[in-house]
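S.K.: If it helps, the file is called my_file24.txt and holds compact mmCIF, C-alpha atoms:
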# COMPACT_ATOMS: atom_id res chain seq x y z
CA PHE V 96 42.80 12.39 95.18
CA VAL V 97 45.61 10.00 95.92
CA ALA V 98 45.29 7.21 98.47
CA LEU V 99 48.50 6.50 100.37
CA ASP V 100 49.78 3.63 102.47
CA VAL V 101 53.22 2.89 103.90
CA GLU V 102 54.82 -0.04 105.66
CA THR V 103 57.56 0.47 108.22
CA ALA V 104 60.57 -1.61 109.19
CA ASN V 105 60.50 -0.95 112.93
CA ALA V 106 58.94 1.14 115.71
CA PHE V 107 60.39 4.40 114.34
CA ARG V 108 57.47 5.74 112.31
CA GLY V 109 59.80 7.12 109.67
CA SER V 110 61.35 3.71 108.92
CA ILE V 111 59.38 3.44 105.68
CA CYS V 112 60.24 0.34 103.65
CA GLN V 113 57.30 0.32 101.21
CA VAL V 114 55.07 3.00 99.73
CA GLY V 115 51.84 2.42 97.85
CA MET V 116 49.74 5.08 96.13
CA ALA V 117 46.53 4.95 94.12
CA LEU V 118 45.59 8.01 92.07
CA VAL V 119 41.84 8.52 91.71
CA THR V 120 40.49 10.54 88.80
CA GLU V 121 36.83 10.90 87.87
CA GLY V 122 35.70 8.37 90.45
CA ARG V 123 38.08 5.51 89.69
CA VAL V 124 41.66 4.41 90.31
CA THR V 125 43.57 5.48 87.20
CA ARG V 126 47.19 5.01 88.24
CA THR V 127 49.10 3.17 90.91
CA LEU V 128 52.63 3.37 92.17
CA THR V 129 54.41 1.08 94.58
CA MET V 130 58.01 0.97 95.63
CA LEU V 131 60.17 -0.84 98.10
CA VAL V 132 62.70 1.50 99.68
CA ARG V 133 65.48 1.21 102.19
CA PRO V 134 64.53 3.14 105.31
CA PRO V 135 66.61 6.19 106.24
CA VAL V 136 70.17 5.51 107.42
CA GLY V 137 70.22 4.77 111.13
CA ARG V 138 66.54 3.80 111.10
CA ASP V 139 66.91 0.82 108.80
CA ASN V 140 66.87 -2.19 111.13
CA PHE V 141 63.99 -4.60 110.50
CA ASP V 142 62.05 -5.61 113.60
CA ALA V 143 60.74 -9.20 113.55
CA ASN V 144 57.28 -8.01 114.62
CA HIS V 145 57.02 -5.66 111.65
CA VAL V 146 58.33 -8.27 109.22
CA ALA V 147 55.69 -10.70 110.55
CA VAL V 148 52.96 -8.21 109.62
CA HIS V 149 54.03 -7.18 106.11
CA GLY V 150 56.61 -9.79 105.14
CA ILE V 151 59.20 -7.28 103.91
CA THR V 152 62.77 -8.10 104.97
CA ALA V 153 66.04 -6.21 104.97
CA ALA V 154 67.27 -8.51 102.19
CA GLN V 155 64.35 -7.50 99.96
CA VAL V 156 65.23 -3.81 100.14
CA GLU V 157 69.00 -4.22 100.31
CA HIS V 158 69.54 -2.96 96.75
CA MET V 159 66.61 -0.55 96.59
CA PRO V 160 67.07 3.23 96.71
CA ARG V 161 66.77 4.79 100.13
CA PHE V 162 63.64 6.72 101.06
CA ILE V 163 65.61 9.98 100.76
CA ALA V 164 66.22 9.26 97.05
CA GLN V 165 62.60 8.32 96.34
CA TRP V 166 60.93 11.16 98.24
CA PRO V 167 60.90 13.54 95.21
CA VAL V 168 58.94 10.93 93.20
CA ILE V 169 56.51 10.34 96.08
CA GLU V 170 56.07 14.04 96.75
CA GLY V 171 55.49 14.71 93.05
CA LEU V 172 52.42 12.48 93.09
CA LEU V 173 51.12 13.80 96.42
CA ARG V 174 51.61 17.53 95.88
CA GLY V 175 48.58 19.42 94.61
CA ARG V 176 46.15 16.56 95.28
CA PRO V 177 44.03 15.72 98.30
CA VAL V 178 45.54 12.73 100.11
CA VAL V 179 43.44 9.99 101.72
CA ALA V 180 44.85 7.36 104.07
CA HIS V 181 43.29 4.83 106.41
CA ASN V 182 44.52 5.93 109.84
CA ALA V 183 46.02 9.06 108.32
CA ASN V 184 47.56 9.93 111.68
CA PHE V 185 49.94 6.97 111.32
CA GLU V 186 50.51 7.19 107.55
CA MET V 187 51.17 10.93 107.46
CA GLY V 188 53.15 10.70 110.70
CA ALA V 189 55.42 8.16 109.01
CA ILE V 190 55.89 10.45 106.01
CA ARG V 191 56.46 13.47 108.25
CA GLU V 192 59.06 11.66 110.40
CA ALA V 193 60.89 10.18 107.41
CA THR V 194 61.04 13.49 105.53
CA SER V 195 62.08 15.42 108.63
CA TYR V 196 64.75 12.85 109.50
CA CYS V 197 66.08 13.10 105.92
CA GLY V 198 66.15 16.92 106.06
CA PHE V 199 63.21 17.66 103.75
CA ASP V 200 60.65 20.37 104.41
CA TRP V 201 57.17 19.07 105.07
CA PRO V 202 54.86 19.77 102.11
CA GLU V 203 51.46 21.32 102.70
CA LEU V 204 48.94 18.61 101.97
CA ASP V 205 45.17 18.35 102.29
CA VAL V 206 44.64 15.06 104.11
CA ALA V 207 41.49 13.07 104.80
CA CYS V 208 41.24 9.92 106.86
CA SER V 209 39.12 7.02 105.61
CA LEU V 210 39.20 5.60 109.15
CA VAL V 211 37.42 8.69 110.50
CA LEU V 212 34.89 8.53 107.65
CA ALA V 213 34.35 4.79 108.18
CA ARG V 214 33.67 5.28 111.91
CA GLN V 215 30.83 7.61 110.91
CA ARG V 216 29.49 5.32 108.16
CA PHE V 217 29.88 2.02 110.09
CA PRO V 218 29.23 2.89 113.73
CA ASP V 219 28.28 -0.69 114.61
CA LEU V 220 31.58 -2.30 113.60
CA ASP V 221 33.64 -3.66 116.49
CA ARG V 222 36.87 -2.65 114.74
CA HIS V 223 37.48 -0.05 112.05
CA THR V 224 40.64 -1.55 110.62
CA LEU V 225 41.03 -1.30 106.86
CA ASP V 226 40.16 -4.96 106.33
CA ALA V 227 37.04 -4.75 108.52
CA CYS V 228 35.82 -1.56 106.84
CA CYS V 229 36.44 -2.96 103.36
CA ALA V 230 34.50 -6.10 104.24
CA ALA V 231 31.60 -4.00 105.54
CA ALA V 232 31.55 -1.91 102.35
CA GLY V 233 31.99 -4.85 99.97
CA VAL V 234 35.41 -3.61 98.84
CA SER V 235 38.08 -6.11 97.86
CA LEU V 236 41.31 -6.13 99.85
CA THR V 237 43.50 -8.76 98.25
CA ASN V 238 46.80 -8.57 100.15
CA HIS V 239 46.41 -6.70 103.43
CA HIS V 240 49.63 -5.02 104.62
CA ASP V 241 51.03 -4.72 101.12
CA ALA V 242 51.21 -0.94 100.71
CA LEU V 243 49.82 -0.93 97.16
CA SER V 244 46.96 -3.30 97.99
CA ASP V 245 46.09 -1.21 101.05
CA ALA V 246 46.28 2.07 99.09
CA VAL V 247 43.96 0.73 96.36
CA ALA V 248 41.55 -0.64 98.99
CA CYS V 249 41.60 2.73 100.80
CA ALA V 250 40.78 4.49 97.52
CA GLU V 251 37.95 2.06 96.71
CA LEU V 252 36.58 2.26 100.27
CA THR V 253 36.58 6.06 100.13
CA LEU V 254 34.87 6.04 96.72
CA GLN V 255 32.25 3.55 97.95
CA MET V 256 31.50 5.62 101.03
CA ALA V 257 31.24 8.78 98.90
CA ARG V 258 28.88 7.12 96.40
CA ASN V 259 26.66 5.80 99.16
CA TYR V 260 26.67 9.14 100.96
CA ALA V 261 25.76 10.98 97.77
CA SER V 262 22.88 8.59 97.08
CA GLY V 263 21.65 8.67 100.67
CA LYS V 264 22.19 4.93 101.11
CA GLU V 265 23.73 3.16 104.02
CA CYS V 266 27.26 2.05 103.26
CA VAL V 267 26.65 -1.66 102.86
CA PRO V 268 27.24 -3.88 99.83
Would you put the structure from the file into structure tokens?

M.R.:
Amino acid sequence: FVALDVETANAFRGSICQVGMALVTEGRVTRTLTMLVRPPVGRDNFDANHVAVHGITAAQVEHMPRFIAQWPVIEGLLRGRPVVAHNANFEMGAIREATSYCGFDWPELDVACSLVLARQRFPDLDRHTLDACCAAAGVSLTNHHDALSDAVACAELTLQMARNYASGKECVP
């Protein structure tokens, strides 16, 4: 599978400014990809609230390719693989809105949500944010809200939950 995370520049879900992906093969992360992108034209203003969360500014992406130019690379890694995202509703909604806004057809993808899985495995957590779920599972999350760090953590969290489920153990470190 491939774990996916995106960061957005503003309240428009399709204002993707960073993409992170972690390819999982045979139970481990075997390849990663991260890219800063300029959000689609007309959706490329950077909201101070979003910058405060992820730290990505308009100046950092000023000379990067736009999302529309990078979508074929992103889609190439997603297509034909199950996709896992923490809060997949948001992550896939961002991809759907960005691709639609840029005039691309939406690819058929098999998507799973590590948030939904974590709610089942950690029912006693107060919050099921990626950082809280990773902490509960003993998974390292080194730079929360960096798309690559979040994608790798999502992959590792999903693998940990799957291993514990397969062995019949509770999902605790």

S.K.: Taking 5 positions as the minimum chain separation for residues in the same chain, which residues sit within 9 Å of region 127-142 of chain V when counting all atoms listed in the file? Answer as a PyMOL selection string.

M.R.: chain V and resi 103-107+109-118+147+151-153+155-165+169+193+196-197+242-243+246-247

S.K.: Report the distance between CA of Asp226 (chain V) and CA of Leu210 (chain V) in Å, rounded to one decimal place.

M.R.: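 Taking CA of Asp226 (chain V) as the start and CA of Leu210 (chain V) as the end point, the length is 11.0 Å.
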
S.K.: Could you work out how far CA of Glu251 (chain V) lies from CA of Ala189 (chain V), giving the answer in Å with one decimal?

M.R.: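 Those two atoms sit 22.2 Å apart.
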
S.K.: Please, what distance in Å, to one decimal, runs between CA of Ser244 (chain V) and CA of Phe217 (chain V)?

M.R.: 21.6 Å

S.K.: For Leu252 (chain V), please output as a list in words all residues within 9 Å (counting all atoms listed in the file; exclusion window: fewer than 2 positions along the same chain).

M.R.: Ser209, Ala213, Leu225, Cys228, Cys229, Ala232, Gly233, Val234, Ser235, Val247, Ala248, Cys249, Ala250, Leu254, Gln255, Met256 and Ala257 of chain V

S.K.: Would you kindly return, as a count of residues only, each protein, DNA or RNA residue with an atom no farther than 10 Å from any atom of Pro202 (chain V), considering all atoms listed in the file and excluding same-chain residues fewer than 3 positions away?

M.R.: 8

S.K.: When distances are computed from all atoms listed in the file, which of V:Gly198, V:Tyr260, V:His239, V:Arg126 shows the smallest separation from Ala227 (chain V)?

M.R.: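 Nearest candidate to Ala227 (chain V) out of V:Gly198, V:Tyr260, V:His239, V:Arg126: V:His239.
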
S.K.: Name the closest residue to Met187 (chain V) among the candidates V:Leu172, V:Leu220, V:Pro167, V:Arg108; distances are taken between atoms, counting all atoms listed in the file.

M.R.: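 Looking at the shortest contact to Met187 (chain V), the residue is V:Arg108.
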
S.K.: List as a PyMOL selection string the protein and nucleic acid residues near Gly150 (chain V), meaning an atom at most 9 Å away when all atoms listed in the file are counted, but skip any in the same chain fewer than 3 places from it.

M.R.: chain V and resi 145-147+240-241

S.K.: Counting all atoms listed in the file, which residue out of V:Thr224, V:Thr253, V:Asn238, V:Asn144 sits closest to Val178 (chain V)?

M.R.: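 Checking each candidate against Val178 (chain V), we get V:Thr253 as the closest.
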